[in-house]
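Participant: Have a look at the structure that comes next, please.
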Amino acid sequence: MTLTPPAPEPISADPPGRTGNPLLTQSWLDLAFLHWAVDPADVAPLLPAGAVPDTLDGVTYVGLVAFRMHRVGWFRLPGVPYLGTFPETNVRLYSVDAHGRRGVVFRSLDASRLIPVAVARAAFRLPYAWSRMAIRNGGDDTITYTSTRRRPGPRGVYSRITVRVGERVDDPTELEHFLTARWGMHNTFFGRPMYLPNTHPRWPLHRAALVECDENLVTAAGLPAPGGEPVSVLYSPGVPVRFGRPARPGGIPTP
């Protein structure tokens with residue numbers, strides 16, 4: 001008998017559960033979310049085993065997200081002020097697994113601290129790269145995020161994003177929740193599917209205008225070049241985040 005996999009969990013602005021004993025704590029600050037619509041068939045081969053593209057009205061998305069990582073900490077220890085605080089820019093896809101858990105899949109993550117990059121690559125098999133990065137606030141409500149990749153991988157991979165922060169979003173659309181309210185990460189760990197859950201407060205979101213976007217991170221991550229302007233540009237001042245322990249392939253969290 002063939003079992004029908006469960007339907008994806010509802011799209012929710014609030015986390016579906018709590019993280020009692022966190023594996024990691026951190027804050028994500030000054031985030032710019034840029035998103036382009038893509039055909040699910042184009043990204044399906046890029047997802048780890050056990051995950052398929054998550055779609056809304058038959059469409060999935062590629063996200064380019066730039067932000068400031070703040071005070072990464074292990075377990076209940078205080079976050080590290082220097083090594084745990086740095087700019088980051090990631091290219092991500094949207095996924096759902098056989099247990100109905102919605103998440104993200106990172107195709108690349110650029111960060112400016114070498115030690116966290118090395119730890120994340122070794123401990124979680126995440127595609128981090130060490131980059132020269134900066135975040136600058138302008139005097140006209142603009143924020144500019146720049147990165148130039150050092151290693152590993154080819155040189156000449158870069159991004160320069162400038163957004164102008166607009167009005168607060170009091171009632172986000174279903175698409176805006178779909179793109180931002182993600183409560184886990186899908187990955188492969190030593191050849192086995194891994195799901196790493198996270199929780200945080202509801203996103204405080206602002207609409208934003210894209211002033212500049214000059215980058216090749218998306219194509220360097222193995223994706224087609226974005227076609228035209230992004231369909232969604234958002235900004236958030238940020239949230240504190242707690243990551244739980246990875247779930248076993250059967251969906252049961254590790255102790």
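Each chain in the structure tokens gets a letter, A, B and so on, in the order shown; residues start at 1 in every chain, and ligands are counted from 1 in the order they appear.
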Can you list every residue in segment 25-221 of chain A that DSSP puts in strand (DSSP E), as an MDAnalysis selection string?

Facilitator: chainID A and resid 25:38 51:53 60:74 86:97 102:111 128:137 142:151 158:168 184:189 192:199 206:215

Participant: Give me, as a PyMOL selection string, all polymer residues having an atom no more than 7 Å from segment 137-144 of chain A, counting only C-alpha atoms and skipping those fewer than 3 positions away in the same chain.

Facilitator: chain A and resi 161-165

Participant: Using C-alpha atoms, can you export the residues from the last selection as a tab-separated table (two decimals), in the first residue's frame?

Facilitator:
```tsv
chain	number	residue	atom	x	y	z
A	161	ILE	CA	22.52	45.66	-2.67
A	162	THR	CA	20.96	48.97	-1.64
A	163	VAL	CA	17.39	49.24	-0.37
A	164	ARG	CA	15.37	52.21	0.86
A	165	VAL	CA	13.27	51.30	3.87
```

Participant: Using only C-alpha atoms, which residue out of A:Leu64, A:Leu179, A:Met185, A:Met69 lies closest to Glu88 of chain A?

Facilitator: A:Met69

Participant: Give the answer as one residue: which of A:Pro224, A:Gly166, A:Pro197, A:Pro48 has the shortest atom-to-atom distance to Leu210 of chain A, using only C-alpha atoms?

Facilitator: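 Closest residue, counting only C-alpha atoms: A:Gly166.
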
Participant: Hey, can you check how far atom CA of Leu234 of chain A sits from atom CA of Ala32 of chain A?

Facilitator: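 Rounded to one decimal, the two atoms are 5.9 Å apart.
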
Participant: Give me the residues near Ala51 of chain A as a ChimeraX atom specification, where near means some atom within 12 Å (using only C-alpha atoms) and where sequence neighbours in that chain fewer than 3 positions away do not count.

Facilitator: /A:8,43-48,54,93-105,185-188,192-195,249

Participant: Would you save the residues from that selection as a short mmCIF file (atom, residue, chain, number, x, y, z; two decimals), in the first residue's frame, using N, CA, C and O atoms?

Facilitator:
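File again04.cif, as written:
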```
data_model
loop_
_atom_site.label_atom_id
_atom_site.label_comp_id
_atom_site.auth_asym_id
_atom_site.auth_seq_id
_atom_site.Cartn_x
_atom_site.Cartn_y
_atom_site.Cartn_z
N PRO A 8 1.55 19.92 3.42
CA PRO A 8 2.47 20.86 4.08
C PRO A 8 1.80 21.56 5.25
O PRO A 8 0.59 21.82 5.23
N VAL A 43 14.49 24.32 -9.91
CA VAL A 43 15.23 24.25 -8.64
C VAL A 43 15.14 22.88 -7.98
O VAL A 43 15.92 22.58 -7.08
N ALA A 44 14.21 22.04 -8.42
CA ALA A 44 14.04 20.72 -7.78
C ALA A 44 15.34 19.92 -7.74
O ALA A 44 15.65 19.29 -6.71
N PRO A 45 16.16 19.90 -8.81
CA PRO A 45 17.40 19.11 -8.74
C PRO A 45 18.43 19.66 -7.76
O PRO A 45 19.41 18.97 -7.45
N LEU A 46 18.23 20.89 -7.28
CA LEU A 46 19.20 21.51 -6.38
C LEU A 46 18.88 21.30 -4.91
O LEU A 46 19.65 21.74 -4.05
N LEU A 47 17.77 20.64 -4.63
CA LEU A 47 17.37 20.43 -3.24
C LEU A 47 17.92 19.12 -2.70
O LEU A 47 18.14 18.18 -3.46
N PRO A 48 18.14 19.04 -1.39
CA PRO A 48 18.67 17.80 -0.81
C PRO A 48 17.63 16.69 -0.86
O PRO A 48 16.42 16.94 -1.02
N ASP A 54 8.86 24.03 -2.32
CA ASP A 54 7.62 24.51 -1.71
C ASP A 54 7.06 25.59 -2.63
O ASP A 54 7.79 26.47 -3.09
N LEU A 93 16.50 28.72 -1.25
CA LEU A 93 15.33 28.18 -1.92
C LEU A 93 14.32 27.74 -0.87
O LEU A 93 14.65 27.64 0.32
N TYR A 94 13.10 27.42 -1.32
CA TYR A 94 12.01 27.11 -0.41
C TYR A 94 11.59 25.66 -0.59
O TYR A 94 11.38 25.20 -1.72
N SER A 95 11.48 24.94 0.51
CA SER A 95 11.38 23.49 0.47
C SER A 95 10.30 22.99 1.42
O SER A 95 9.90 23.66 2.38
N VAL A 96 9.86 21.76 1.15
CA VAL A 96 8.95 21.06 2.05
C VAL A 96 9.34 19.59 2.00
O VAL A 96 9.76 19.09 0.95
N ASP A 97 9.22 18.88 3.14
CA ASP A 97 9.64 17.48 3.17
C ASP A 97 8.45 16.55 3.32
O ASP A 97 7.29 16.98 3.34
N ALA A 98 8.74 15.27 3.41
CA ALA A 98 7.69 14.25 3.45
C ALA A 98 6.86 14.31 4.73
O ALA A 98 5.79 13.70 4.80
N HIS A 99 7.34 15.04 5.74
CA HIS A 99 6.58 15.21 6.98
C HIS A 99 5.75 16.49 6.95
O HIS A 99 5.11 16.83 7.96
N GLY A 100 5.77 17.19 5.82
CA GLY A 100 5.00 18.43 5.70
C GLY A 100 5.69 19.65 6.27
O GLY A 100 5.09 20.73 6.33
N ARG A 101 6.95 19.51 6.68
CA ARG A 101 7.66 20.64 7.30
C ARG A 101 8.20 21.57 6.22
O ARG A 101 8.98 21.17 5.36
N ARG A 102 7.79 22.82 6.26
CA ARG A 102 8.30 23.83 5.34
C ARG A 102 9.64 24.34 5.85
O ARG A 102 9.85 24.44 7.07
N GLY A 103 10.52 24.68 4.93
CA GLY A 103 11.82 25.18 5.34
C GLY A 103 12.52 25.92 4.22
O GLY A 103 11.90 26.28 3.21
N VAL A 104 13.80 26.15 4.42
CA VAL A 104 14.64 26.76 3.40
C VAL A 104 15.81 25.81 3.12
O VAL A 104 16.18 24.99 3.96
N VAL A 105 16.36 25.96 1.93
CA VAL A 105 17.60 25.28 1.55
C VAL A 105 18.57 26.34 1.12
O VAL A 105 18.28 27.15 0.23
N MET A 185 15.32 24.41 8.45
CA MET A 185 16.27 24.34 7.35
C MET A 185 16.44 22.88 6.95
O MET A 185 16.64 22.01 7.80
N HIS A 186 16.34 22.61 5.65
CA HIS A 186 16.61 21.28 5.13
C HIS A 186 18.04 21.21 4.60
O HIS A 186 18.51 22.14 3.93
N ASN A 187 18.70 20.11 4.91
CA ASN A 187 20.08 19.93 4.47
C ASN A 187 20.36 18.41 4.44
O ASN A 187 19.52 17.60 4.81
N THR A 188 21.54 18.06 4.01
CA THR A 188 22.00 16.68 4.05
C THR A 188 23.23 16.60 4.94
O THR A 188 24.15 17.41 4.81
N ARG A 192 22.50 11.84 4.82
CA ARG A 192 21.16 11.63 5.34
C ARG A 192 20.43 12.96 5.45
O ARG A 192 21.03 13.98 5.79
N PRO A 193 19.11 12.97 5.18
CA PRO A 193 18.36 14.22 5.30
C PRO A 193 18.41 14.75 6.73
O PRO A 193 18.36 14.00 7.70
N MET A 194 18.50 16.07 6.84
CA MET A 194 18.52 16.72 8.16
C MET A 194 17.57 17.90 8.12
O MET A 194 17.51 18.64 7.13
N TYR A 195 16.83 18.07 9.20
CA TYR A 195 15.93 19.23 9.36
C TYR A 195 16.29 19.90 10.67
O TYR A 195 16.26 19.28 11.74
N PRO A 249 15.73 11.44 10.64
CA PRO A 249 14.96 11.25 9.41
C PRO A 249 13.50 10.92 9.64
O PRO A 249 12.64 11.25 8.85
#
```

Participant: Atom CA of Trp36 of chain A and atom CA of Ser12 of chain A are how many Å apart?

Facilitator: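 Value for the atom CA of Trp36 of chain A-atom CA of Ser12 of chain A distance: 21.0 Å.
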
Participant: Contacts of Glu174 of chain A at 12 Å or less, counting only C-alpha atoms, minus same-chain residues fewer than 4 places along, as a ChimeraX atom specification?

Facilitator: /A:10-13,55-57,178-181

Participant: Write the residues of the selection above to a file with N, CA and C atoms, as a PDB file, in the first residue's frame.

Facilitator:
```pdb
ATOM      1  N   PRO A  10       0.580  24.493   7.686  1.00  0.00           N
ATOM      2  CA  PRO A  10       0.046  25.795   7.269  1.00  0.00           C
ATOM      3  C   PRO A  10       1.135  26.868   7.253  1.00  0.00           C
ATOM      4  N   ILE A  11       0.977  27.835   6.359  1.00  0.00           N
ATOM      5  CA  ILE A  11       1.854  29.000   6.368  1.00  0.00           C
ATOM      6  C   ILE A  11       1.454  29.846   7.568  1.00  0.00           C
ATOM      7  N   SER A  12       2.373  30.052   8.489  1.00  0.00           N
ATOM      8  CA  SER A  12       2.049  30.722   9.746  1.00  0.00           C
ATOM      9  C   SER A  12       3.113  31.758  10.076  1.00  0.00           C
ATOM     10  N   ALA A  13       2.679  32.951  10.466  1.00  0.00           N
ATOM     11  CA  ALA A  13       3.620  33.992  10.875  1.00  0.00           C
ATOM     12  C   ALA A  13       4.242  33.713  12.228  1.00  0.00           C
ATOM     13  N   THR A  55       5.770  25.512  -2.908  1.00  0.00           N
ATOM     14  CA  THR A  55       5.177  26.421  -3.877  1.00  0.00           C
ATOM     15  C   THR A  55       3.983  27.152  -3.292  1.00  0.00           C
ATOM     16  N   LEU A  56       3.697  28.292  -3.871  1.00  0.00           N
ATOM     17  CA  LEU A  56       2.496  29.056  -3.578  1.00  0.00           C
ATOM     18  C   LEU A  56       1.868  29.391  -4.920  1.00  0.00           C
ATOM     19  N   ASP A  57       0.661  28.881  -5.144  1.00  0.00           N
ATOM     20  CA  ASP A  57      -0.024  29.057  -6.430  1.00  0.00           C
ATOM     21  C   ASP A  57       0.833  28.555  -7.593  1.00  0.00           C
ATOM     22  N   PHE A 178       4.815  33.630   3.360  1.00  0.00           N
ATOM     23  CA  PHE A 178       5.430  32.450   2.740  1.00  0.00           C
ATOM     24  C   PHE A 178       6.940  32.628   2.617  1.00  0.00           C
ATOM     25  N   LEU A 179       7.385  33.827   2.253  1.00  0.00           N
ATOM     26  CA  LEU A 179       8.800  34.073   2.001  1.00  0.00           C
ATOM     27  C   LEU A 179       9.617  34.304   3.272  1.00  0.00           C
ATOM     28  N   THR A 180       8.991  34.713   4.345  1.00  0.00           N
ATOM     29  CA  THR A 180       9.748  35.090   5.541  1.00  0.00           C
ATOM     30  C   THR A 180       9.514  34.175   6.732  1.00  0.00           C
ATOM     31  N   ALA A 181       8.310  33.612   6.870  1.00  0.00           N
ATOM     32  CA  ALA A 181       7.980  32.806   8.053  1.00  0.00           C
ATOM     33  C   ALA A 181       8.379  31.357   7.797  1.00  0.00           C
TER      34      ALA A 181
END
```
